[in-house]
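coords.cif (mmCIF, C-alpha atoms) appears below.
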```
data_query
loop_
_atom_site.label_atom_id
_atom_site.label_comp_id
_atom_site.auth_asym_id
_atom_site.auth_seq_id
_atom_site.Cartn_x
_atom_site.Cartn_y
_atom_site.Cartn_z
CA MET G 1 -119.20 -129.02 -86.83
CA PRO G 2 -122.49 -127.25 -87.52
CA GLU G 3 -125.06 -128.54 -89.97
CA PRO G 4 -123.95 -127.62 -93.50
CA HIS G 5 -127.24 -125.99 -94.45
CA VAL G 6 -127.49 -123.70 -91.42
CA LEU G 7 -126.57 -120.33 -92.89
CA SER G 8 -127.13 -117.93 -90.01
CA GLU G 9 -124.61 -119.11 -87.44
CA GLY G 10 -120.98 -118.24 -86.96
CA TRP G 11 -119.80 -115.81 -89.60
CA GLY G 12 -123.20 -116.19 -91.22
CA ARG G 13 -124.65 -114.11 -88.40
CA ALA G 14 -122.38 -111.19 -89.32
CA LEU G 15 -123.56 -111.64 -92.91
CA VAL G 16 -127.20 -111.61 -91.79
CA PHE G 17 -126.56 -108.31 -90.00
CA ALA G 18 -124.91 -106.75 -93.05
CA TYR G 19 -127.60 -108.00 -95.44
CA GLY G 20 -130.37 -106.93 -93.08
CA LEU G 21 -128.87 -103.47 -92.89
CA PHE G 22 -128.73 -103.17 -96.66
CA ALA G 23 -132.25 -104.51 -96.98
CA VAL G 24 -133.40 -101.66 -94.74
CA ALA G 25 -131.20 -99.08 -96.46
CA ALA G 26 -132.22 -100.05 -100.01
CA THR G 27 -135.91 -100.35 -99.11
CA GLY G 28 -135.82 -96.95 -97.47
CA ARG G 29 -134.01 -95.44 -100.43
CA SER G 30 -136.39 -96.84 -103.03
CA ALA G 31 -139.42 -95.88 -100.92
CA VAL G 32 -138.22 -92.28 -100.72
CA GLN G 33 -137.25 -92.15 -104.40
CA LEU G 34 -140.44 -93.74 -105.73
CA GLY G 35 -142.65 -91.96 -103.21
CA MET G 36 -141.38 -88.45 -103.85
CA GLU G 37 -140.62 -88.08 -107.55
CA PRO G 38 -140.98 -91.38 -109.40
CA GLY G 39 -140.75 -89.73 -112.83
CA LYS G 40 -137.31 -88.23 -112.35
CA ALA G 41 -135.22 -91.35 -112.99
CA PRO G 42 -137.46 -94.38 -113.53
CA LEU G 43 -134.62 -96.76 -114.41
CA ALA G 44 -132.48 -95.86 -111.41
CA TYR G 45 -135.44 -96.01 -109.05
CA SER G 46 -136.64 -99.38 -110.37
CA LEU G 47 -133.13 -100.70 -109.86
CA SER G 48 -133.17 -99.39 -106.29
CA LEU G 49 -136.35 -101.37 -105.77
CA VAL G 50 -134.85 -104.52 -107.36
CA ALA G 51 -131.81 -104.16 -105.10
CA ALA G 52 -134.05 -103.77 -102.06
CA ILE G 53 -135.98 -106.93 -102.93
CA LEU G 54 -132.77 -108.91 -103.54
CA TYR G 55 -131.34 -107.86 -100.18
CA LEU G 56 -134.60 -108.78 -98.46
CA VAL G 57 -134.70 -112.21 -100.17
CA ALA G 58 -131.04 -112.89 -99.36
CA THR G 59 -131.49 -111.91 -95.70
CA THR G 60 -134.57 -114.11 -95.35
CA CYS G 61 -132.92 -117.10 -97.02
CA LEU G 62 -129.81 -116.78 -94.86
CA LEU G 63 -132.02 -116.83 -91.80
CA LEU G 64 -134.12 -119.75 -93.03
CA GLY G 65 -131.26 -121.90 -94.28
CA GLY G 66 -131.96 -125.39 -95.62
CA HIS G 67 -131.46 -126.61 -99.17
CA ALA G 68 -134.12 -124.37 -100.69
CA GLY G 69 -132.88 -121.39 -98.70
CA TRP G 70 -129.34 -122.02 -99.87
CA ARG G 71 -130.41 -122.25 -103.51
CA VAL G 72 -132.57 -119.12 -103.48
CA ALA G 73 -129.88 -117.22 -101.56
CA ALA G 74 -127.28 -118.28 -104.13
CA ILE G 75 -129.47 -117.04 -106.99
CA ALA G 76 -130.28 -113.74 -105.24
CA VAL G 77 -126.64 -113.07 -104.35
CA SER G 78 -125.49 -113.94 -107.90
CA ILE G 79 -128.01 -111.52 -109.44
CA GLU G 80 -126.86 -108.96 -106.88
CA LEU G 81 -123.25 -109.37 -107.98
CA LEU G 82 -124.22 -109.05 -111.66
CA GLY G 83 -126.34 -106.02 -110.79
CA VAL G 84 -123.65 -104.15 -108.91
CA LEU G 85 -121.07 -104.90 -111.62
CA SER G 86 -123.27 -103.90 -114.57
CA VAL G 87 -124.90 -100.88 -112.91
CA GLY G 88 -121.52 -99.83 -111.54
CA ALA G 89 -119.97 -99.97 -115.00
CA LEU G 90 -122.96 -98.33 -116.70
CA SER G 91 -123.06 -95.48 -114.20
CA TYR G 92 -119.56 -94.54 -115.39
CA LEU G 93 -120.04 -95.28 -119.12
CA ALA G 94 -123.62 -94.12 -119.72
CA THR G 95 -124.15 -91.32 -117.22
CA ASP G 96 -127.30 -90.09 -118.99
CA LEU G 97 -129.04 -93.37 -118.11
CA PHE G 98 -128.81 -92.52 -114.43
CA PRO G 99 -129.89 -88.97 -113.59
CA ASP G 100 -130.15 -90.05 -109.95
CA LYS G 101 -128.23 -92.63 -107.98
CA THR G 102 -129.04 -96.18 -106.97
CA VAL G 103 -127.41 -98.28 -104.27
CA TRP G 104 -125.25 -99.84 -106.97
CA SER G 105 -124.13 -96.66 -108.77
CA HIS G 106 -120.36 -96.33 -109.12
CA PHE G 107 -119.94 -99.81 -107.63
CA GLY G 108 -121.61 -98.73 -104.38
CA GLN G 109 -119.33 -95.77 -103.78
CA GLY G 110 -121.95 -93.97 -101.70
CA TYR G 111 -122.04 -96.92 -99.34
CA GLY G 112 -118.31 -97.37 -98.88
CA TYR G 113 -118.19 -99.97 -101.70
CA VAL G 114 -119.89 -102.42 -99.36
CA PRO G 115 -122.47 -103.36 -102.06
CA LEU G 116 -119.54 -104.58 -104.16
CA VAL G 117 -117.94 -106.61 -101.37
CA LEU G 118 -121.14 -108.04 -99.90
CA PRO G 119 -122.14 -110.39 -102.76
CA VAL G 120 -118.59 -111.74 -103.04
CA VAL G 121 -118.47 -112.49 -99.32
CA GLY G 122 -121.99 -113.91 -99.60
CA LEU G 123 -121.04 -116.28 -102.42
CA LEU G 124 -117.90 -117.42 -100.58
CA TRP G 125 -119.96 -118.12 -97.49
CA LEU G 126 -122.58 -120.04 -99.50
CA ARG G 127 -119.84 -122.10 -101.19
CA HIS G 128 -118.33 -122.81 -97.79
CA ARG G 129 -121.71 -124.07 -96.60
CA SER G 130 -122.84 -125.75 -99.81
CA PRO G 131 -125.17 -128.69 -99.21
CA MET B 132 -122.98 -85.11 -84.55
CA GLY B 133 -119.25 -84.58 -84.17
CA VAL B 134 -119.59 -85.94 -80.63
CA ILE B 135 -121.30 -89.09 -81.87
CA LEU B 136 -118.61 -89.57 -84.51
CA ALA B 137 -115.92 -89.30 -81.83
CA MET B 138 -117.79 -91.82 -79.67
CA ALA B 139 -118.16 -94.19 -82.62
CA ALA B 140 -114.45 -93.85 -83.33
CA ALA B 141 -113.62 -94.65 -79.70
CA CYS B 142 -115.84 -97.75 -79.80
CA ALA B 143 -114.24 -98.79 -83.08
CA VAL B 144 -110.76 -98.55 -81.58
CA ILE B 145 -111.74 -100.72 -78.58
CA LEU B 146 -113.37 -103.28 -80.87
CA VAL B 147 -110.53 -103.43 -83.39
CA VAL B 148 -107.94 -103.86 -80.62
CA ASP B 149 -109.90 -106.73 -79.08
CA LEU B 150 -110.59 -108.23 -82.48
CA VAL B 151 -106.87 -108.34 -83.21
CA ARG B 152 -106.35 -109.92 -79.79
CA ASP B 153 -108.93 -112.50 -80.83
CA ARG B 154 -111.33 -111.64 -78.02
CA ALA B 155 -115.02 -112.48 -78.04
CA ALA B 156 -117.67 -109.79 -77.58
CA GLN B 157 -117.71 -108.95 -73.88
CA ASP B 158 -119.02 -106.57 -71.24
CA SER B 159 -116.62 -103.74 -72.00
CA HIS B 160 -117.83 -103.76 -75.62
CA PHE B 161 -121.47 -103.75 -74.63
CA ILE B 162 -120.89 -100.90 -72.18
CA SER B 163 -119.13 -98.74 -74.77
CA LEU B 164 -121.88 -99.53 -77.25
CA ALA B 165 -124.49 -98.59 -74.61
CA VAL B 166 -122.80 -95.20 -74.18
CA LEU B 167 -122.90 -94.75 -77.95
CA GLU B 168 -126.56 -95.78 -77.96
CA LEU B 169 -127.30 -93.15 -75.30
CA GLY B 170 -125.64 -90.58 -77.53
CA VAL B 171 -127.68 -91.48 -80.60
CA LEU B 172 -130.88 -91.48 -78.53
CA VAL B 173 -130.16 -87.92 -77.40
CA GLN B 174 -129.40 -87.13 -81.04
CA LEU B 175 -132.77 -88.58 -82.13
CA VAL B 176 -134.63 -86.22 -79.80
CA ALA B 177 -132.41 -83.22 -80.51
CA GLY B 178 -132.56 -83.89 -84.27
CA CYS B 179 -136.36 -84.00 -84.31
CA VAL B 180 -136.60 -80.80 -82.25
CA ALA B 181 -134.11 -79.05 -84.54
CA LEU B 182 -136.02 -80.23 -87.60
CA ALA B 183 -139.30 -78.90 -86.20
CA ARG B 184 -137.75 -75.51 -85.44
CA THR B 185 -135.84 -74.87 -88.64
CA ASP B 186 -137.27 -73.03 -91.62
CA ARG B 187 -134.78 -74.47 -94.06
CA ASP B 188 -135.88 -76.94 -96.69
CA ILE B 189 -134.62 -80.28 -95.37
CA GLU B 190 -135.74 -83.71 -96.51
CA GLY B 191 -137.52 -84.46 -93.26
CA ALA B 192 -138.47 -88.08 -94.01
CA VAL B 193 -134.92 -89.01 -94.94
CA PHE B 194 -133.46 -87.15 -91.96
CA VAL B 195 -135.74 -88.81 -89.42
CA SER B 196 -135.34 -92.27 -90.97
CA TYR B 197 -131.55 -91.93 -90.65
CA LEU B 198 -131.95 -90.77 -87.04
CA VAL B 199 -134.07 -93.84 -86.27
CA THR B 200 -131.83 -96.31 -88.14
CA VAL B 201 -128.80 -95.03 -86.28
CA VAL B 202 -130.61 -95.79 -83.01
CA LEU B 203 -131.69 -99.29 -84.09
CA ALA B 204 -128.40 -100.53 -85.61
CA PRO B 205 -126.44 -100.89 -82.32
CA VAL B 206 -129.39 -102.59 -80.59
CA VAL B 207 -129.85 -105.21 -83.32
CA ALA B 208 -126.09 -105.78 -83.50
CA ALA B 209 -125.87 -106.23 -79.72
CA LEU B 210 -128.67 -108.82 -79.79
CA LEU B 211 -126.95 -110.74 -82.61
CA ALA B 212 -123.57 -110.47 -80.88
CA LEU B 213 -125.02 -111.84 -77.63
CA SER B 214 -125.98 -115.03 -79.41
CA GLU B 215 -122.55 -115.30 -81.04
CA ARG B 216 -119.94 -114.88 -78.32
CA SER B 217 -116.86 -115.22 -80.45
CA ARG B 218 -114.81 -113.08 -82.80
CA VAL B 219 -117.91 -112.95 -84.95
CA GLY B 220 -119.81 -111.10 -82.23
CA THR B 221 -117.04 -108.53 -81.97
CA THR B 222 -117.09 -108.14 -85.78
CA ILE B 223 -120.86 -107.58 -85.78
CA LEU B 224 -120.46 -104.83 -83.16
CA LEU B 225 -117.72 -103.28 -85.27
CA LEU B 226 -120.00 -103.34 -88.33
CA ALA B 227 -122.67 -101.57 -86.29
CA VAL B 228 -120.23 -98.88 -85.15
CA ALA B 229 -119.10 -98.37 -88.76
CA THR B 230 -122.77 -98.06 -89.74
CA VAL B 231 -123.32 -95.41 -87.09
CA ALA B 232 -120.31 -93.47 -88.37
CA GLY B 233 -121.48 -93.73 -91.99
CA LEU B 234 -125.00 -92.64 -91.13
CA GLU B 235 -123.69 -89.69 -89.11
CA LEU B 236 -121.90 -88.45 -92.22
CA ARG B 237 -125.09 -88.84 -94.28
CA LEU B 238 -127.11 -87.05 -91.58
CA TRP B 239 -124.66 -84.18 -91.72
CA GLU B 240 -125.01 -84.01 -95.53
CA VAL B 241 -128.81 -84.04 -95.35
CA TRP B 242 -128.85 -81.39 -92.63
CA ARG B 243 -126.61 -79.01 -94.51
CA ALA B 244 -128.32 -79.51 -97.88
#
```

This entry written out as structure tokens:
Amino acid sequence: MPEPHVLSEGWGRALVFAYGLFAVAATGRSAVQLGMEPGKAPLAYSLSLVAAILYLVATTCLLLGGHAGWRVAAIAVSIELLGVLSVGALSYLATDLFPDKTVWSHFGQGYGYVPLVLPVVGLLWLRHRSP
Amino acid sequence: MGVILAMAAACAVILVVDLVRDRAAQDSHFISLAVLELGVLVQLVAGCVALARTDRDIEGAVFVSYLVTVVLAPVVAALLALSERSRVGTTILLLAVATVAGLELRLWEVWRA
């Protein structure tokens, strides 16, 4: 039985890969969006940046593990879940708010709905390994 | 790009079959992933050459960053899978192959835009 606060072994390693990938994807997306035409859709682009930071924090905390890592990861993943749910809903209800897309638009449709699944899996994993 | 997609699909089939059979990541997986990696490396070079030659208005930064990510994903996944020789390793490789497939579709979109 592995230590309860090690978060990056076993299935956690698959999670680290998925989160790392999304950290790269969201960072790249926000860099392109903010670098090229930041004025076009400030809200959407800021949210892309927030998403990128959350993915980066979650990836780092999963790798670090420990009590603090677990707690910060839990907070980051929870915000991520709230973000994808609210942005997903808003992108359908208030289309004029989002002239351009974010990672979370339409519940992550552009990314095969993985952004919607990822935080749920993340929270289940964290609960499984709760200190 | 169609070739890469076909290769990714072939890798995915091998991985899914072995995942269902509850097999850990093994040599045959790494070899098929290496073939895929070779394909995306060729694509990286060919993509950059094509981008330099074309007159069309393509988002160059996005295109090249996709080309590079698609090369890196299998390598990182293979390293992670090596340290996790179980079903998890096989799953990580499968995630990487799915990523390659997804990125190929995006590359195609960007190229035709």

Please enumerate the residues selected by the PyMOL selection byres ((chain G) within 9 of (chain B)) when evaluated against the supplied file, formatted as a list in words.
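Checked against the file, the PyMOL selection byres ((chain G) within 9 of (chain B)) matches Glu9, Gly10, Trp11, Gly12, Arg13, Ala14, Leu15, Phe17, Ala18, Leu21, Val24, Ala25, Gly28, Arg29, Val32, Tyr111 and Gly112 of chain G.
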
Take the residues from that selection and write them out as a PDB file, in the frame of the given file, keeping C-alpha atoms.
```pdb
ATOM      1  CA  GLU G   9    -124.610-119.110 -87.440  1.00  0.00           C
ATOM      2  CA  GLY G  10    -120.980-118.240 -86.960  1.00  0.00           C
ATOM      3  CA  TRP G  11    -119.800-115.810 -89.600  1.00  0.00           C
ATOM      4  CA  GLY G  12    -123.200-116.190 -91.220  1.00  0.00           C
ATOM      5  CA  ARG G  13    -124.650-114.110 -88.400  1.00  0.00           C
ATOM      6  CA  ALA G  14    -122.380-111.190 -89.320  1.00  0.00           C
ATOM      7  CA  LEU G  15    -123.560-111.640 -92.910  1.00  0.00           C
ATOM      8  CA  PHE G  17    -126.560-108.310 -90.000  1.00  0.00           C
ATOM      9  CA  ALA G  18    -124.910-106.750 -93.050  1.00  0.00           C
ATOM     10  CA  LEU G  21    -128.870-103.470 -92.890  1.00  0.00           C
ATOM     11  CA  VAL G  24    -133.400-101.660 -94.740  1.00  0.00           C
ATOM     12  CA  ALA G  25    -131.200 -99.080 -96.460  1.00  0.00           C
ATOM     13  CA  GLY G  28    -135.820 -96.950 -97.470  1.00  0.00           C
ATOM     14  CA  ARG G  29    -134.010 -95.440-100.430  1.00  0.00           C
ATOM     15  CA  VAL G  32    -138.220 -92.280-100.720  1.00  0.00           C
ATOM     16  CA  TYR G 111    -122.040 -96.920 -99.340  1.00  0.00           C
ATOM     17  CA  GLY G 112    -118.310 -97.370 -98.880  1.00  0.00           C
TER      18      GLY G 112
END
```

Using the chain letters and numbering of this document, enumerate as a list in words the residues selected by the PyMOL selection byres ((chain B and resi 182) around 12).
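What the PyMOL selection byres ((chain B and resi 182) around 12) grabs from the file is Gln174, Leu175, Val176, Ala177, Gly178, Cys179, Val180, Ala181, Ala183, Arg184, Thr185, Asp186, Arg187, Asp188, Ile189, Glu190, Gly191, Ala192, Val193, Phe194, Val195, Leu198, Leu238, Val241, Trp242 and Arg243 of chain B.
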
Atom CA of Thr27 of chain G and atom CA of Leu56 of chain G are how many Å apart?
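We find that atom CA of Thr27 of chain G and atom CA of Leu56 of chain G lie 8.6 Å from each other.
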
Straight-line distance linking atom CA of Val206 of chain B with atom CA of Phe161 of chain B, stated in Å to one decimal:
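Value for the atom CA of Val206 of chain B-atom CA of Phe161 of chain B distance: 10.0 Å.
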
Using Å and a single decimal, report how far atom CA of Val117 of chain G sits from atom CA of Val77 of chain G.
11.2 Å

Would you translate the PyMOL selection byres ((chain B and resi 133-145) around 7) into the concrete set of residues it matches in this file, as a PyMOL selection string?
chain B and resi 132+146-149+163-164+167+170-171+225+228+231-232+235
